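Asks: First the structure, which I've put down as structure tokens, then a few questions once you've had a look.
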Amino acid sequence: MKAIPIPDQPALVRRLTQACGGAYTPEQRRRYFITGPQWAAAYEGHALFHAPTRKPVAFEEVIRRYGEIGIGWWCTHDTDVIPYSALLGDEQWAIVERIGKSLAEHGVRCSMVTTETFHHAVFAASPAAESPQVREYAARRLVNTVEMGHKLGAQFAVYWPGSLGYQVQGAVEETETLRWYADGLNAACEGDLALSKKYNRPTLKHCLEAKPFEPAAEILLPTSDAMLAFISSGLLKHPEMVGLNPEYLHELMWGGAPRAALARALVCGKLWHFDINDGYRLKHDVDIAVGLVNPLDWLNVLVLLRSHGYNGPFNLDYKPPRTTSNEGVFEVSFPTAVDRFISLWEMAGEVLEDPVIREAASALKAGGEVRDRATADAIFEAQKELLTLHELIAHRLFQIMIGAHRGRSFNI
Ligand code: GCO
Ligand code: MN
Ligand code: MN
């Protein structure tokens with residue numbers, strides 16, 4: 001095949017993307033509570049072993065492109081948009097005002113704000129470091145982010161304590177560090193109670209996000225379950241203001257079943273925000289776009305969330321791959337991620353209505369007719385044939401995913 005001149009490449013990618021079909025319109029996409037992070041679109045493709053492959057993208061462009069795609073909500077770390085030199089002073093509020101204008105201009109709203117407490121050298125020993133000066137600074141930053149959130153109209157604040165842990169044991173006493181970490185969250189919640197009055201708005205929903213590995217070697221709060229225990233530990237002054245932002249991949253990374261982790265958060269009434277992406281078990285945080293690795297598991301996750309009326313954000317916290325260009329991020333990566341999510345969400349609706357699954361599930365719940373209810377063998381014999389429905393339901397889910405329930409078949 002002849003080499004393809006650079007100027008012809010975007011048109012080729014666009015033509016093949018259109019040839020894929022199955023795209024939703026921006027209006028259809030805006031009906032879902034799908035949120036786009038500043039950092040995901042602006043990710044330059046760099047990592048420990050990788051030089052960047054993309055150019056920096058400012059918030060004006062991210063917001064404009066999200067608006068065009070039909071991603072109705074935007075979220076950010078404080079330092080994604082405010083340089084360290086401008087933080088905590090007047091200059092940051094001028095930037096926040098510019099962000100507000102950009103959002104209004106492109107019909108996008110701010111859903112969530114989050115504080116970067118893992119990148120800058122000041123957090124080398126975590127935001128809950130031994131040094132009271134570091135902790136005081138971290139608390140100021142958290143309250144400052146809450147104020148940014150109120151100014152931008154956000155409903156959520158997220159906390160990912162990535163560096164809360166250690167590389168080597170000895171210096172860190174875990175119970176003390178957890179108390180100090182709670183002090184930071186307490187400052188954020190108390191600050192929020194005052195700020196919500198000042199801005200005449202409801203308080204934000206403060207959501208904790210766990211990740212089992214990276215960047216600390218040993219992590220003090222590695223899973224959503226650890227976060228739930230922390231919320232009800234008695235260390236938080238306002239546990240009712242604090243819930244969870246589980247991330248699909250972070251639960252998979254430690255070997256858990258993401259759907260089961262979400263179920264545990266649901267029964268605690270703490271599933272408030274959800275980072276959606278994909279990846280592999282027991283590997284690093286590859287942050288692949290939703291549905292590209294485990295579509296069937298994703299379908300099952302969304303069946304659970306739909307059946308429980310989850311109405312919080314679905315946050316596209318993934319990293320467009322290094323091989324995708326700046327243009328590709330907005331032409332291919334985001335629109336296709338959104339469209340896979342919508343397809344899976346609608347399919348989940350179909351699963352819940354599916355007559356085969358409904359009848360099979362209710363038959364299982366009815367159980368088999370047993371004469372002798374005190375005998376294990378008799379109870380088992382009475383259900384034995386019904387239990388085959390477990391496998392049939394799994395097959396039916398697969399059929400729904402590939403469209404076989406609508407008559408799609410493959411010819412040999
Ligand atoms: C990660 C984390 C982050 C957080 C973000 C919001 O994998 O690095 O998931 O992307 O979601 O810091 O707090
Ligand atoms: Mn995340
Ligand atoms: Mn992640």
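To be explicit about the labels: the chains of the structure tokens are called A, B, and onward in the order shown, and within each one the residues are counted from 1, while ligands get numbers from 1 in the order they are shown.
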Using only C-alpha atoms and all ligand atoms, I'd like a table of the residues in chain A that come within 7 Å of ligand 2; for each, show the closest atom pair and its distance in Å rounded to one decimal, ordered by chain and ascending number, as a Markdown table.

Replies:
```
| residue | atom | partner | partner_atom_place_in_ligand_line | distance |
| --- | --- | --- | --- | --- |
| A:Glu209 | CA | ligand 2 | 1 (Mn) | 6.8 |
| A:Glu247 | CA | ligand 2 | 1 (Mn) | 5.3 |
| A:Asp275 | CA | ligand 2 | 1 (Mn) | 5.3 |
| A:Asp317 | CA | ligand 2 | 1 (Mn) | 5.4 |
```

Asks: Hey, which residues come within 9 Å of ligand 3 if we count only C-alpha atoms and all ligand atoms? Could you give them as a PyMOL selection string?

Replies: chain A and resi 211+247-250+275-278+284-288+317-319

Asks: Take the residues just selected and output them with C-alpha atoms as a PDB file, in the first residue's frame.

Replies:
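Wrote result-v1.pdb, looks like this:
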```pdb
ATOM      1  CA  LYS A 211      -6.602   2.401  44.151  1.00  0.00           C
ATOM      2  CA  GLU A 247     -13.217   3.221  39.791  1.00  0.00           C
ATOM      3  CA  TYR A 248     -14.025   0.116  37.751  1.00  0.00           C
ATOM      4  CA  LEU A 249     -10.391  -0.729  37.013  1.00  0.00           C
ATOM      5  CA  HIS A 250      -9.147  -0.032  40.531  1.00  0.00           C
ATOM      6  CA  ASP A 275     -15.108   6.361  37.384  1.00  0.00           C
ATOM      7  CA  ILE A 276     -15.645   4.299  34.259  1.00  0.00           C
ATOM      8  CA  ASN A 277     -12.822   2.656  32.327  1.00  0.00           C
ATOM      9  CA  ASP A 278     -11.414  -0.796  31.657  1.00  0.00           C
ATOM     10  CA  HIS A 284      -1.026  -1.619  36.713  1.00  0.00           C
ATOM     11  CA  ASP A 285      -3.502   1.187  36.184  1.00  0.00           C
ATOM     12  CA  VAL A 286      -3.800   1.039  32.397  1.00  0.00           C
ATOM     13  CA  ASP A 287      -6.980   3.182  32.339  1.00  0.00           C
ATOM     14  CA  ILE A 288      -8.304   1.821  29.029  1.00  0.00           C
ATOM     15  CA  ASP A 317     -11.539   8.482  33.816  1.00  0.00           C
ATOM     16  CA  TYR A 318      -9.403   6.788  31.210  1.00  0.00           C
ATOM     17  CA  LYS A 319      -6.316   7.613  29.211  1.00  0.00           C
TER      18      LYS A 319
END
```

Asks: Please extract the residues at most 6 Å from ligand 1, counting only C-alpha atoms and all ligand atoms, and provide them as a PyMOL selection string, using the chain letters and residue numbers of this document.

Replies: chain A and resi 114+158-160+317

Asks: Put those residues in a file: N, CA and C atoms, as a PDB file, in the first residue's frame.

Replies:
```pdb
ATOM      1  N   THR A 114     -11.512  18.159  42.138  1.00  0.00           N
ATOM      2  CA  THR A 114     -10.674  17.273  42.942  1.00  0.00           C
ATOM      3  C   THR A 114      -9.316  17.933  43.160  1.00  0.00           C
ATOM      4  N   VAL A 158     -13.994  14.899  44.683  1.00  0.00           N
ATOM      5  CA  VAL A 158     -13.412  13.551  44.756  1.00  0.00           C
ATOM      6  C   VAL A 158     -12.039  13.624  45.414  1.00  0.00           C
ATOM      7  N   TYR A 159     -11.710  12.568  46.160  1.00  0.00           N
ATOM      8  CA  TYR A 159     -10.408  12.491  46.832  1.00  0.00           C
ATOM      9  C   TYR A 159      -9.773  11.156  46.498  1.00  0.00           C
ATOM     10  N   TRP A 160      -8.667  11.222  45.791  1.00  0.00           N
ATOM     11  CA  TRP A 160      -7.894  10.003  45.547  1.00  0.00           C
ATOM     12  C   TRP A 160      -6.559  10.167  46.283  1.00  0.00           C
ATOM     13  N   ASP A 317     -12.909   8.368  33.303  1.00  0.00           N
ATOM     14  CA  ASP A 317     -11.539   8.482  33.816  1.00  0.00           C
ATOM     15  C   ASP A 317     -10.640   7.437  33.159  1.00  0.00           C
TER      16      ASP A 317
END
```

Asks: At a cut-off of 8 Å, can you tabulate as JSON lines every residue of stretch 72-170 of chain A near stretch 21-45 of chain A together with its closest atom pair and the distance in Å to one decimal, using only C-alpha atoms and ordering rows by chain then number?

Replies:
```
{"residue": "A:Gly72", "atom": "CA", "partner": "A:Arg30", "partner_atom": "CA", "distance": 5.2}
{"residue": "A:Trp73", "atom": "CA", "partner": "A:Thr35", "partner_atom": "CA", "distance": 4.5}
{"residue": "A:Trp74", "atom": "CA", "partner": "A:Gly36", "partner_atom": "CA", "distance": 4.8}
{"residue": "A:Cys75", "atom": "CA", "partner": "A:Pro37", "partner_atom": "CA", "distance": 4.7}
{"residue": "A:Thr76", "atom": "CA", "partner": "A:Gln38", "partner_atom": "CA", "distance": 5.2}
{"residue": "A:His77", "atom": "CA", "partner": "A:Trp39", "partner_atom": "CA", "distance": 7.5}
{"residue": "A:Asp80", "atom": "CA", "partner": "A:Trp39", "partner_atom": "CA", "distance": 6.5}
{"residue": "A:Ser111", "atom": "CA", "partner": "A:Thr35", "partner_atom": "CA", "distance": 7.0}
```

Asks: Distance atom CA of A:Leu244-atom CA of A:Pro313, one decimal place?

Replies: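 One can read the atom CA of A:Leu244 to atom CA of A:Pro313 distance as 11.8 Å.
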
Asks: Run DSSP on the backbone of this structure and report the residues of stretch 107-178 of chain A it assigns to strand (DSSP E or B), as a PDB file with N, CA and C atoms, in the first residue's frame.

Replies:
```pdb
ATOM      1  N   ARG A 109     -21.438  21.792  31.843  1.00  0.00           N
ATOM      2  CA  ARG A 109     -21.473  22.154  33.256  1.00  0.00           C
ATOM      3  C   ARG A 109     -20.357  21.456  34.022  1.00  0.00           C
ATOM      4  N   CYS A 110     -19.956  22.051  35.124  1.00  0.00           N
ATOM      5  CA  CYS A 110     -18.910  21.430  35.951  1.00  0.00           C
ATOM      6  C   CYS A 110     -19.585  20.485  36.943  1.00  0.00           C
ATOM      7  N   SER A 111     -19.174  19.215  36.915  1.00  0.00           N
ATOM      8  CA  SER A 111     -19.795  18.231  37.816  1.00  0.00           C
ATOM      9  C   SER A 111     -18.994  18.055  39.091  1.00  0.00           C
ATOM     10  N   MET A 112     -17.662  18.094  38.974  1.00  0.00           N
ATOM     11  CA  MET A 112     -16.835  17.649  40.094  1.00  0.00           C
ATOM     12  C   MET A 112     -15.481  18.365  40.090  1.00  0.00           C
ATOM     13  N   VAL A 113     -14.965  18.587  41.269  1.00  0.00           N
ATOM     14  CA  VAL A 113     -13.611  19.125  41.418  1.00  0.00           C
ATOM     15  C   VAL A 113     -12.820  18.203  42.341  1.00  0.00           C
ATOM     16  N   THR A 114     -11.512  18.159  42.138  1.00  0.00           N
ATOM     17  CA  THR A 114     -10.674  17.273  42.942  1.00  0.00           C
ATOM     18  C   THR A 114      -9.316  17.933  43.160  1.00  0.00           C
ATOM     19  N   PHE A 156     -20.005  17.563  43.242  1.00  0.00           N
ATOM     20  CA  PHE A 156     -19.172  16.516  43.844  1.00  0.00           C
ATOM     21  C   PHE A 156     -17.731  16.999  44.022  1.00  0.00           C
ATOM     22  N   ALA A 157     -17.091  16.477  45.083  1.00  0.00           N
ATOM     23  CA  ALA A 157     -15.637  16.604  45.216  1.00  0.00           C
ATOM     24  C   ALA A 157     -15.102  15.187  45.372  1.00  0.00           C
ATOM     25  N   VAL A 158     -13.994  14.899  44.683  1.00  0.00           N
ATOM     26  CA  VAL A 158     -13.412  13.551  44.756  1.00  0.00           C
ATOM     27  C   VAL A 158     -12.039  13.624  45.414  1.00  0.00           C
ATOM     28  N   TYR A 159     -11.710  12.568  46.160  1.00  0.00           N
ATOM     29  CA  TYR A 159     -10.408  12.491  46.832  1.00  0.00           C
ATOM     30  C   TYR A 159      -9.773  11.156  46.498  1.00  0.00           C
ATOM     31  N   GLY A 165       0.569   6.274  51.936  1.00  0.00           N
ATOM     32  CA  GLY A 165       1.173   4.963  52.145  1.00  0.00           C
ATOM     33  C   GLY A 165       2.662   5.149  52.305  1.00  0.00           C
ATOM     34  N   TYR A 166       3.422   4.134  51.904  1.00  0.00           N
ATOM     35  CA  TYR A 166       4.876   4.278  52.030  1.00  0.00           C
ATOM     36  C   TYR A 166       5.599   3.338  51.084  1.00  0.00           C
TER      37      TYR A 166
END
```
